[in-house]
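Engineer: For reference, the file target-v8.pdb (PDB, C-alpha atoms) is included below:
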```pdb
ATOM      1  CA  MET B  38      59.238  84.588 265.537
ATOM      2  CA  ALA B  39      60.601  86.465 268.557
ATOM      3  CA  THR B  40      62.529  84.099 270.817
ATOM      4  CA  ASP B  41      64.219  86.558 273.199
ATOM      5  CA  ASN B  42      61.133  87.489 275.200
ATOM      6  CA  ARG B  43      59.955  84.111 276.414
ATOM      7  CA  PRO B  44      59.620  83.272 280.108
ATOM      8  CA  LEU B  45      62.590  81.402 281.528
ATOM      9  CA  SER B  46      62.393  78.490 283.917
ATOM     10  CA  PRO B  47      63.952  79.254 287.334
ATOM     11  CA  HIS B  48      67.714  78.987 287.435
ATOM     12  CA  LEU B  49      69.302  75.999 289.113
ATOM     13  CA  GLN B  50      70.764  78.207 291.863
ATOM     14  CA  VAL B  51      67.373  79.018 293.400
ATOM     15  CA  TYR B  52      66.737  75.383 294.274
ATOM     16  CA  LYS B  53      67.881  74.042 297.621
ATOM     17  CA  PRO B  54      70.498  71.315 297.021
ATOM     18  CA  GLN B  55      69.061  67.915 297.945
ATOM     19  CA  LEU B  56      70.669  64.503 298.300
ATOM     20  CA  THR B  57      68.877  63.220 295.206
ATOM     21  CA  SER B  58      69.861  66.091 292.917
ATOM     22  CA  THR B  59      73.428  66.239 294.283
ATOM     23  CA  LEU B  60      73.965  62.510 293.723
ATOM     24  CA  SER B  61      72.473  62.839 290.239
ATOM     25  CA  ILE B  62      74.935  65.488 289.058
ATOM     26  CA  THR B  63      77.755  63.655 290.872
ATOM     27  CA  HIS B  64      76.993  60.585 288.749
ATOM     28  CA  ARG B  65      77.571  62.665 285.636
ATOM     29  CA  ALA B  66      80.684  64.407 287.021
ATOM     30  CA  THR B  67      82.276  61.105 288.066
ATOM     31  CA  GLY B  68      81.433  59.709 284.630
ATOM     32  CA  VAL B  69      83.386  62.522 282.963
ATOM     33  CA  LEU B  70      86.316  61.987 285.358
ATOM     34  CA  LEU B  71      86.277  58.233 284.719
ATOM     35  CA  SER B  72      86.354  58.912 280.962
ATOM     36  CA  LEU B  73      89.662  60.730 281.464
ATOM     37  CA  GLY B  74      90.815  57.730 283.506
ATOM     38  CA  ALA B  75      89.981  55.435 280.585
ATOM     39  CA  PHE B  76      92.401  57.369 278.406
ATOM     40  CA  VAL B  77      95.076  57.033 281.134
ATOM     41  CA  LEU B  78      94.406  53.268 281.134
ATOM     42  CA  ALA B  79      94.841  53.308 277.340
ATOM     43  CA  TRP B  80      98.126  55.230 277.827
ATOM     44  CA  TRP B  81      99.301  52.643 280.390
ATOM     45  CA  ILE B  82      98.492  49.629 278.155
ATOM     46  CA  THR B  83      99.918  51.151 274.953
ATOM     47  CA  GLY B  84     102.978  52.119 277.037
ATOM     48  CA  ILE B  85     103.517  48.471 277.966
ATOM     49  CA  ALA B  86     103.194  47.441 274.300
ATOM     50  CA  ALA B  87     105.700  50.105 273.235
ATOM     51  CA  GLY B  88     108.393  48.786 275.595
ATOM     52  CA  PRO B  89     110.140  49.732 278.857
ATOM     53  CA  LYS B  90     111.401  53.060 277.455
ATOM     54  CA  CYS B  91     107.856  54.287 276.797
ATOM     55  CA  PHE B  92     106.424  52.646 279.892
ATOM     56  CA  GLY B  93     108.850  54.538 282.182
ATOM     57  CA  PRO B  94     107.166  57.955 281.967
ATOM     58  CA  VAL B  95     103.700  56.393 282.434
ATOM     59  CA  ASN B  96     104.882  54.498 285.505
ATOM     60  CA  ASP B  97     106.677  57.573 286.897
ATOM     61  CA  PHE B  98     103.577  59.710 286.428
ATOM     62  CA  LEU B  99     101.283  57.191 288.152
ATOM     63  CA  GLY B 100     103.789  56.850 290.999
ATOM     64  CA  SER B 101     104.177  60.609 291.530
ATOM     65  CA  TRP B 102     102.068  62.370 294.148
ATOM     66  CA  ILE B 103      99.843  63.901 291.474
ATOM     67  CA  GLY B 104      99.421  60.484 289.836
ATOM     68  CA  GLN B 105      98.562  58.884 293.170
ATOM     69  CA  LEU B 106      96.091  61.675 293.891
ATOM     70  CA  GLY B 107      94.570  61.073 290.450
ATOM     71  CA  LEU B 108      94.336  57.334 291.123
ATOM     72  CA  PHE B 109      92.655  58.008 294.467
ATOM     73  CA  ALA B 110      90.124  60.335 292.806
ATOM     74  CA  TRP B 111      89.649  57.718 290.066
ATOM     75  CA  SER B 112      88.939  54.995 292.640
ATOM     76  CA  VAL B 113      86.366  57.124 294.493
ATOM     77  CA  ALA B 114      84.716  58.103 291.204
ATOM     78  CA  LEU B 115      84.736  54.478 290.004
ATOM     79  CA  TYR B 116      83.104  53.067 293.138
ATOM     80  CA  TYR B 117      80.565  55.877 293.283
ATOM     81  CA  HIS B 118      79.637  55.591 289.590
ATOM     82  CA  LEU B 119      79.510  51.782 289.807
ATOM     83  CA  CYS B 120      77.260  51.725 292.899
ATOM     84  CA  ASN B 121      75.050  54.564 291.705
ATOM     85  CA  GLY B 122      74.874  52.889 288.300
ATOM     86  CA  ILE B 123      73.428  49.809 290.004
ATOM     87  CA  ARG B 124      70.937  52.161 291.704
ATOM     88  CA  HIS B 125      69.994  53.376 288.220
ATOM     89  CA  LEU B 126      69.507  49.777 287.056
ATOM     90  CA  PHE B 127      67.107  49.195 289.969
ATOM     91  CA  TRP B 128      65.201  52.325 288.940
ATOM     92  CA  ASP B 129      65.011  50.929 285.386
ATOM     93  CA  MET B 130      63.199  47.920 286.877
ATOM     94  CA  GLY B 131      60.867  50.268 288.742
ATOM     95  CA  VAL B 132      62.403  49.575 292.152
ATOM     96  CA  GLY B 133      63.185  52.356 294.634
ATOM     97  CA  LEU B 134      61.615  55.191 292.692
ATOM     98  CA  GLU B 135      59.536  56.648 295.539
ATOM     99  CA  ILE B 136      61.119  59.432 297.646
ATOM    100  CA  GLU B 137      61.913  57.139 300.562
ATOM    101  CA  GLY B 138      63.548  54.522 298.341
ATOM    102  CA  ALA B 139      65.531  57.132 296.403
ATOM    103  CA  TYR B 140      66.985  58.474 299.659
ATOM    104  CA  ARG B 141      67.678  55.030 301.108
ATOM    105  CA  GLY B 142      69.459  54.007 297.906
ATOM    106  CA  GLY B 143      71.455  57.240 297.974
ATOM    107  CA  TYR B 144      72.734  56.611 301.494
ATOM    108  CA  ILE B 145      73.602  52.994 300.624
ATOM    109  CA  VAL B 146      75.581  54.190 297.576
ATOM    110  CA  LEU B 147      77.546  56.707 299.678
ATOM    111  CA  ALA B 148      78.336  54.120 302.359
ATOM    112  CA  ALA B 149      79.356  51.483 299.791
ATOM    113  CA  THR B 150      81.595  54.006 298.005
ATOM    114  CA  ALA B 151      83.374  54.871 301.253
ATOM    115  CA  ILE B 152      83.822  51.225 302.286
ATOM    116  CA  LEU B 153      85.103  50.038 298.876
ATOM    117  CA  THR B 154      87.503  52.996 298.596
ATOM    118  CA  LEU B 155      88.894  52.424 302.101
ATOM    119  CA  LEU B 156      89.303  48.676 301.463
ATOM    120  CA  THR B 157      91.129  49.310 298.174
ATOM    121  CA  TRP B 158      93.586  51.812 299.645
ATOM    122  CA  ALA B 159      94.098  49.671 302.730
ATOM    123  CA  VAL B 160      95.334  46.965 300.341
ATOM    124  CA  VAL B 161      97.603  49.495 298.590
ATOM    125  CA  LEU B 162      99.070  50.848 301.846
ATOM    126  CA  THR B 163      99.630  47.410 303.385
ATOM    127  CA  GLY B 164     101.783  46.364 300.442
ATOM    128  CA  GLY B 165      99.494  45.083 297.690
ATOM    129  CA  ALA B 166      97.319  42.051 297.117
ATOM    130  CA  ALA B 167     100.176  39.742 296.121
TER
ATOM    131  CA  MET H 211      54.400  53.298 250.555
ATOM    132  CA  ASN H 212      54.940  52.690 254.250
ATOM    133  CA  LEU H 213      53.109  49.680 255.628
ATOM    134  CA  ASN H 214      54.196  50.403 259.227
ATOM    135  CA  THR H 215      51.483  51.277 261.696
ATOM    136  CA  PRO H 216      51.711  54.811 263.135
ATOM    137  CA  LEU H 217      52.691  53.262 266.457
ATOM    138  CA  SER H 218      55.635  51.331 265.033
ATOM    139  CA  ARG H 219      56.815  54.434 263.217
ATOM    140  CA  VAL H 220      56.702  56.419 266.455
ATOM    141  CA  LEU H 221      58.432  53.773 268.549
ATOM    142  CA  GLY H 222      62.168  54.135 268.601
ATOM    143  CA  LEU H 223      62.239  57.723 267.394
ATOM    144  CA  GLY H 224      63.285  60.100 270.132
ATOM    145  CA  SER H 225      64.975  63.472 269.716
ATOM    146  CA  ALA H 226      68.205  61.653 268.907
ATOM    147  CA  LYS H 227      66.321  59.808 266.100
ATOM    148  CA  SER H 228      67.322  56.413 267.428
ATOM    149  CA  GLY H 229      65.062  55.809 270.392
ATOM    150  CA  LEU H 230      65.893  52.922 272.676
ATOM    151  CA  HIS H 231      69.177  51.951 271.040
ATOM    152  CA  HIS H 232      71.353  54.391 273.010
ATOM    153  CA  TRP H 233      69.642  53.600 276.313
ATOM    154  CA  TRP H 234      69.879  49.847 275.787
ATOM    155  CA  LEU H 235      73.579  49.844 274.837
ATOM    156  CA  GLN H 236      74.406  52.079 277.804
ATOM    157  CA  ARG H 237      72.725  49.580 280.155
ATOM    158  CA  LEU H 238      74.264  46.572 278.435
ATOM    159  CA  THR H 239      77.802  48.005 278.680
ATOM    160  CA  ALA H 240      77.090  49.137 282.261
ATOM    161  CA  ILE H 241      76.141  45.618 283.347
ATOM    162  CA  ALA H 242      79.252  44.200 281.667
ATOM    163  CA  LEU H 243      81.473  46.822 283.299
ATOM    164  CA  VAL H 244      80.404  46.045 286.883
ATOM    165  CA  PRO H 245      82.363  42.769 287.147
ATOM    166  CA  LEU H 246      85.018  43.844 284.609
ATOM    167  CA  MET H 247      86.002  47.024 286.473
ATOM    168  CA  LEU H 248      86.123  45.250 289.848
ATOM    169  CA  TRP H 249      88.345  42.633 288.211
ATOM    170  CA  LEU H 250      90.550  45.391 286.713
ATOM    171  CA  VAL H 251      91.080  47.038 290.103
ATOM    172  CA  SER H 252      92.044  43.725 291.723
ATOM    173  CA  GLY H 253      94.486  43.044 288.859
ATOM    174  CA  LEU H 254      96.035  46.517 289.002
ATOM    175  CA  LEU H 255      96.466  46.167 292.764
ATOM    176  CA  ARG H 256      98.452  43.000 292.169
ATOM    177  CA  VAL H 257     100.860  44.502 289.588
ATOM    178  CA  ALA H 258     101.141  47.959 291.196
ATOM    179  CA  GLY H 259     104.735  48.730 292.108
ATOM    180  CA  GLY H 260     106.034  45.696 290.206
ATOM    181  CA  GLY H 261     107.460  47.748 287.352
ATOM    182  CA  TYR H 262     107.467  46.929 283.653
ATOM    183  CA  ALA H 263     107.874  43.145 283.802
ATOM    184  CA  ALA H 264     105.011  42.607 286.245
ATOM    185  CA  ALA H 265     102.649  44.781 284.204
ATOM    186  CA  ARG H 266     103.608  43.122 280.895
ATOM    187  CA  ASP H 267     103.334  39.576 282.241
ATOM    188  CA  TRP H 268      99.931  40.307 283.703
ATOM    189  CA  VAL H 269      98.524  41.754 280.453
ATOM    190  CA  ALA H 270     100.170  38.953 278.426
ATOM    191  CA  SER H 271      98.403  36.051 280.133
ATOM    192  CA  PRO H 272      95.530  34.807 277.918
ATOM    193  CA  GLY H 273      92.842  35.226 280.570
ATOM    194  CA  THR H 274      93.844  38.789 281.347
ATOM    195  CA  ALA H 275      94.198  39.711 277.675
ATOM    196  CA  THR H 276      90.713  38.378 276.875
ATOM    197  CA  LEU H 277      89.048  40.190 279.760
ATOM    198  CA  LEU H 278      91.026  43.379 279.039
ATOM    199  CA  VAL H 279      89.850  43.463 275.406
ATOM    200  CA  LEU H 280      86.234  42.983 276.550
ATOM    201  CA  LEU H 281      86.715  45.685 279.193
ATOM    202  CA  VAL H 282      88.273  48.203 276.803
ATOM    203  CA  VAL H 283      85.482  47.758 274.229
ATOM    204  CA  ALA H 284      82.710  48.028 276.851
ATOM    205  CA  LEU H 285      84.436  50.918 278.652
ATOM    206  CA  PHE H 286      85.029  53.112 275.600
ATOM    207  CA  TRP H 287      81.577  52.328 274.235
ATOM    208  CA  HIS H 288      79.991  53.256 277.567
ATOM    209  CA  LEU H 289      81.971  56.481 277.968
ATOM    210  CA  LYS H 290      81.221  57.460 274.376
ATOM    211  CA  LEU H 291      77.481  57.129 275.038
ATOM    212  CA  GLY H 292      77.784  59.048 278.320
ATOM    213  CA  LEU H 293      79.937  61.925 277.054
ATOM    214  CA  GLN H 294      77.687  62.203 273.992
ATOM    215  CA  VAL H 295      74.715  62.984 276.241
ATOM    216  CA  VAL H 296      76.778  65.485 278.261
ATOM    217  CA  ILE H 297      77.717  67.281 275.026
ATOM    218  CA  GLU H 298      74.128  67.171 273.744
ATOM    219  CA  ASP H 299      72.919  68.676 277.036
ATOM    220  CA  TYR H 300      75.463  71.447 277.557
ATOM    221  CA  VAL H 301      76.844  72.464 274.155
ATOM    222  CA  HIS H 302      74.112  74.567 272.573
ATOM    223  CA  LEU H 303      75.859  76.109 269.586
ATOM    224  CA  LYS H 304      75.065  73.809 266.706
ATOM    225  CA  CYS H 305      78.478  73.830 264.993
ATOM    226  CA  ALA H 306      80.306  73.435 268.340
ATOM    227  CA  LYS H 307      78.003  70.535 269.248
ATOM    228  CA  LEU H 308      78.590  68.788 265.931
ATOM    229  CA  THR H 309      82.363  69.343 266.131
ATOM    230  CA  SER H 310      82.523  68.016 269.705
ATOM    231  CA  LEU H 311      80.546  64.905 268.765
ATOM    232  CA  VAL H 312      82.812  64.215 265.775
ATOM    233  CA  VAL H 313      85.962  64.704 267.895
ATOM    234  CA  LEU H 314      84.497  62.482 270.638
ATOM    235  CA  ASN H 315      83.735  59.669 268.222
ATOM    236  CA  PHE H 316      87.154  59.835 266.543
ATOM    237  CA  ALA H 317      89.032  60.020 269.874
ATOM    238  CA  VAL H 318      87.117  57.114 271.406
ATOM    239  CA  ILE H 319      87.467  54.846 268.393
ATOM    240  CA  ALA H 320      91.179  55.695 267.993
ATOM    241  CA  ALA H 321      91.928  55.052 271.689
ATOM    242  CA  ALA H 322      89.927  51.822 271.776
ATOM    243  CA  VAL H 323      91.556  50.435 268.610
ATOM    244  CA  ALA H 324      95.065  51.408 269.773
ATOM    245  CA  THR H 325      94.499  49.813 273.183
ATOM    246  CA  VAL H 326      93.076  46.564 271.780
ATOM    247  CA  LEU H 327      96.013  46.306 269.336
ATOM    248  CA  ALA H 328      98.428  46.957 272.235
ATOM    249  CA  ILE H 329      96.846  44.153 274.271
ATOM    250  CA  LEU H 330      97.114  41.776 271.289
ATOM    251  CA  LYS H 331     100.745  42.766 270.684
ATOM    252  CA  ILE H 332     101.676  42.195 274.336
ATOM    253  CA  SER H 333      99.730  38.954 274.550
ATOM    254  CA  LEU H 334     100.955  37.451 271.269
ATOM    255  CA  GLY H 335     104.507  38.717 271.735
ATOM    256  CA  VAL H 336     105.056  36.907 275.029
ATOM    257  CA  ALA H 337     104.737  33.200 274.346
TER
END
```
Please render this file's structure as C-alpha cells.
Structural biologist:
Amino acid sequence: MATDNRPLSPHLQVYKPQLTSTLSITHRATGVLLSLGAFVLAWWITGIAAGPKCFGPVNDFLGSWIGQLGLFAWSVALYYHLCNGIRHLFWDMGVGLEIEGAYRGGYIVLAATAILTLLTWAVVLTGGAA
Amino acid sequence: MNLNTPLSRVLGLGSAKSGLHHWWLQRLTAIALVPLMLWLVSGLLRVAGGGYAAARDWVASPGTATLLVLLVVALFWHLKLGLQVVIEDYVHLKCAKLTSLVVLNFAVIAAAVATVLAILKISLGVA
C-alpha cells in the first residue's frame, strides 16, 4: 500500500499561537525540565549519603551561578507545572472546559506561578526561612 | 473460551494496551506530589546554605525521611509516565522508540532505588 502520497494535516506553524495551546506545550516542556531536576535531587540526596567529600561538588554546583540559574528555572517550572496540573485535574472533573473557563484558568495559573516564584526567591534573598 | 462481554473486553484497551491504568496512576501521583513538592521546597529553603551538616540532619529526621521516600517514589513514577508519553508522541522510529522506553525505565528505577537507599542510609546512620 502506498503511504507516501497521502494528504498531510496542516503543519503546526500555520496556526496562530494561542494562550491555550502555548500553556499546553509549556506544561509538557516544564515536565521534561522537572524530570532533569528530579535527577539533580537524586544526585543531591545520594551525595549526602556518600559523605562530605561527595557532597562538596553537588553543593558547589548548586551554589554556582549556573546552579542558581538552574534552581530558578526549576522553581518556575515546578510552580507552573503544579498549578497547571491542578487545572488539568479540574478538567478531569469536567470543570472549566469551555473556552472562557480555559482562558480564565490559564491566566490564574500564570499569576499563581509568578506569585509563588517571587515569594520563594524573596525568602532565599532575605536569608532563608530559618 | 472468553466469557467477557464485548464491552468489558474493549474497556481498558487503548493504543498502549493498558487503558485507564496509565492515566489513573499519573493523576494519583500528581495529587500526592502537590503537597509533597511544596513541602520539599520549604524544607530545601531551610537547609539552603547550611552546608553538609544541615542537609544531612534534615534528611535524617524520621519525618523528613518518610516524606522524602514517599516523594521520591511518587516523583519518579510520575516523571516516568510523563516522559513515556513524550517519547511515544515524538519518537517515530520503532527501534529508537523501544530503546528510549527501555533506557527510561532502567534510568528511573535505578535513580529511584539509589535515592531511597540513600535516604535510608542517612536516616538510619544518624541515631
Engineer: Would you mind telling me which residue in B:Tyr52, B:Phe109, B:Phe92, B:Phe98 lies nearest to chain H when using all atoms listed in the file?
Structural biologist: B:Phe92
Engineer: Hey, which bits of chain H sit within 8 Å of chain B, and for each residue what's the closest pair of atoms and how far apart in Å (one decimal), counting all atoms listed in the file, rows by chain and increasing number, as a Markdown table?
Structural biologist:
```
| residue | atom | partner | partner_atom | distance |
| --- | --- | --- | --- | --- |
| H:Arg237 | CA | B:Leu126 | CA | 7.6 |
| H:Ala240 | CA | B:Gly122 | CA | 7.4 |
| H:Val244 | CA | B:Leu119 | CA | 6.5 |
| H:Ser252 | CA | B:Ala166 | CA | 7.7 |
| H:Leu255 | CA | B:Gly165 | CA | 5.9 |
| H:Arg256 | CA | B:Ala166 | CA | 5.2 |
| H:Ala258 | CA | B:Gly165 | CA | 7.3 |
| H:Gly261 | CA | B:Asn96 | CA | 7.5 |
| H:Tyr262 | CA | B:Pro89 | CA | 6.2 |
| H:Ala265 | CA | B:Ile85 | CA | 7.3 |
| H:Arg266 | CA | B:Ile85 | CA | 6.1 |
| H:Leu285 | CA | B:Ala75 | CA | 7.4 |
| H:Phe286 | CA | B:Ala75 | CA | 7.4 |
| H:Leu289 | CA | B:Ser72 | CA | 5.8 |
| H:Gly292 | CA | B:Gly68 | CA | 7.3 |
| H:Leu293 | CA | B:Val69 | CA | 6.9 |
| H:Val296 | CA | B:Arg65 | CA | 7.9 |
| H:Ala321 | CA | B:Ala79 | CA | 6.6 |
| H:Ala322 | CA | B:Ala79 | CA | 7.6 |
| H:Ala324 | CA | B:Thr83 | CA | 7.1 |
| H:Thr325 | CA | B:Ala79 | CA | 5.4 |
| H:Ala328 | CA | B:Thr83 | CA | 5.2 |
| H:Ile329 | CA | B:Ile82 | CA | 6.9 |
| H:Lys331 | CA | B:Ala86 | CA | 6.4 |
| H:Ile332 | CA | B:Ala86 | CA | 5.5 |
```
Engineer: Would you list the contacts of Gly253 of chain H as a PDB file with C-alpha atoms, in the frame of the given file, taking every protein, DNA or RNA residue within 9 Å and counting only C-alpha atoms, but skipping same-chain residues closer than 4 positions in sequence?
Structural biologist:
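Just written: around19.pdb:
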```pdb
ATOM      1  CA  ALA B 166      97.319  42.051 297.117  1.00  0.00           C
TER       2      ALA B 166
ATOM      3  CA  LEU H 248      86.123  45.250 289.848  1.00  0.00           C
ATOM      4  CA  TRP H 249      88.345  42.633 288.211  1.00  0.00           C
ATOM      5  CA  VAL H 257     100.860  44.502 289.588  1.00  0.00           C
ATOM      6  CA  ALA H 258     101.141  47.959 291.196  1.00  0.00           C
ATOM      7  CA  TRP H 268      99.931  40.307 283.703  1.00  0.00           C
ATOM      8  CA  THR H 274      93.844  38.789 281.347  1.00  0.00           C
TER       9      THR H 274
END
```
Engineer: Rounded to one decimal in Å, what is the spacing between atom CA of Ser333 of chain H and atom CA of Leu254 of chain H?
Structural biologist: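 Computing it gives 16.7 Å between the two atoms.
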Engineer: How far is it from atom CA of Gly131 of chain B to atom CA of Thr239 of chain H, in Å with one decimal?
Structural biologist: 19.8 Å
Engineer: What is the distance between atom CA of Leu56 of chain B and atom CA of Asn121 of chain B, in Å to one decimal?
Structural biologist: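 Going from atom CA of Leu56 of chain B over to atom CA of Asn121 of chain B covers 12.7 Å.
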Engineer: From the options B:Arg124, B:Glu137, B:Gly104, B:Arg43, which residue's atoms come nearest to Val77 of chain B, counting all atoms listed in the file?
Structural biologist: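 Smallest distance to Val77 of chain B is found for B:Gly104.
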Engineer: Excluding Thr150 of chain B and its own-chain neighbours fewer than 3 positions away, which residues fall within 7 Å of it when counting all atoms listed in the file? Please give them as an NGL selection string.
Structural biologist: :B and (113 or 116-117 or 146-147 or 153-154)
Engineer: Kindly indicate which residue among B:Ala151, B:Ala139, B:Gly74, B:Ala110 lies nearest to Ser58 of chain B, using all atoms listed in the file for the distances.
Structural biologist: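 So, comparing all the options, the nearest one is B:Ala139.
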Engineer: Tell me, as an MDAnalysis selection string, which residues lie within 9 Å of Asn315 of chain H, counting only C-alpha atoms; anything in the same chain fewer than 5 positions away does not count.
Structural biologist: chainID H and resid 290 294 310 320
Engineer: May I ask which of the residues H:Ala317, H:Leu238, H:Leu213, H:Ala264 is the closest one to Ala284 of chain H, counting all atoms listed in the file?
Structural biologist: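 Closest residue, counting all atoms listed in the file: H:Leu238.
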Engineer: Complete the atoms of segment 138-159 of chain B to N, CA, C and O atoms and put them out as a compact mmCIF listing (two decimals), in the frame of the given file.
Structural biologist:
```
# COMPACT_ATOMS: atom_id res chain seq x y z
N GLY B 138 62.61 55.47 298.95
CA GLY B 138 63.55 54.52 298.34
C GLY B 138 64.72 55.23 297.68
O GLY B 138 65.86 54.76 297.75
N ALA B 139 64.47 56.37 297.06
CA ALA B 139 65.53 57.13 296.40
C ALA B 139 66.55 57.61 297.43
O ALA B 139 67.76 57.58 297.18
N TYR B 140 66.07 58.03 298.60
CA TYR B 140 66.98 58.47 299.66
C TYR B 140 67.74 57.29 300.27
O TYR B 140 68.95 57.38 300.49
N ARG B 141 67.01 56.20 300.51
CA ARG B 141 67.68 55.03 301.11
C ARG B 141 68.78 54.53 300.17
O ARG B 141 69.92 54.28 300.60
N GLY B 142 68.46 54.43 298.89
CA GLY B 142 69.46 54.01 297.91
C GLY B 142 70.65 54.95 297.87
O GLY B 142 71.80 54.52 297.77
N GLY B 143 70.38 56.24 297.99
CA GLY B 143 71.46 57.24 297.97
C GLY B 143 72.43 57.05 299.12
O GLY B 143 73.65 57.09 298.94
N TYR B 144 71.87 56.81 300.32
CA TYR B 144 72.73 56.61 301.49
C TYR B 144 73.53 55.31 301.37
O TYR B 144 74.70 55.25 301.74
N ILE B 145 72.89 54.27 300.81
CA ILE B 145 73.60 52.99 300.62
C ILE B 145 74.77 53.19 299.66
O ILE B 145 75.89 52.71 299.90
N VAL B 146 74.53 53.94 298.57
CA VAL B 146 75.58 54.19 297.58
C VAL B 146 76.76 54.92 298.22
O VAL B 146 77.93 54.56 298.02
N LEU B 147 76.46 55.94 299.03
CA LEU B 147 77.55 56.71 299.68
C LEU B 147 78.34 55.83 300.63
O LEU B 147 79.58 55.87 300.65
N ALA B 148 77.64 55.00 301.41
CA ALA B 148 78.34 54.12 302.36
C ALA B 148 79.19 53.09 301.61
O ALA B 148 80.36 52.86 301.96
N ALA B 149 78.62 52.50 300.55
CA ALA B 149 79.36 51.48 299.79
C ALA B 149 80.59 52.09 299.13
O ALA B 149 81.66 51.47 299.10
N THR B 150 80.45 53.33 298.62
CA THR B 150 81.60 54.01 298.00
C THR B 150 82.72 54.18 299.02
O THR B 150 83.89 53.89 298.73
N ALA B 151 82.36 54.64 300.22
CA ALA B 151 83.37 54.87 301.25
C ALA B 151 84.06 53.56 301.64
O ALA B 151 85.28 53.48 301.72
N ILE B 152 83.26 52.51 301.84
CA ILE B 152 83.82 51.22 302.29
C ILE B 152 84.75 50.64 301.22
O ILE B 152 85.88 50.23 301.51
N LEU B 153 84.29 50.62 299.95
CA LEU B 153 85.10 50.04 298.88
C LEU B 153 86.39 50.83 298.67
O LEU B 153 87.46 50.26 298.44
N THR B 154 86.30 52.17 298.77
CA THR B 154 87.50 53.00 298.60
C THR B 154 88.50 52.72 299.71
O THR B 154 89.70 52.54 299.47
N LEU B 155 88.01 52.68 300.96
CA LEU B 155 88.89 52.42 302.10
C LEU B 155 89.54 51.04 301.99
O LEU B 155 90.75 50.89 302.22
N LEU B 156 88.75 50.03 301.61
CA LEU B 156 89.30 48.68 301.46
C LEU B 156 90.42 48.65 300.42
O LEU B 156 91.48 48.08 300.63
N THR B 157 90.15 49.30 299.27
CA THR B 157 91.13 49.31 298.17
C THR B 157 92.44 49.94 298.62
O THR B 157 93.52 49.39 298.40
N TRP B 158 92.35 51.10 299.27
CA TRP B 158 93.59 51.81 299.64
C TRP B 158 94.23 51.18 300.87
O TRP B 158 95.44 51.34 301.07
N ALA B 159 93.48 50.44 301.64
CA ALA B 159 94.10 49.67 302.73
C ALA B 159 94.98 48.58 302.13
O ALA B 159 96.09 48.34 302.60
```
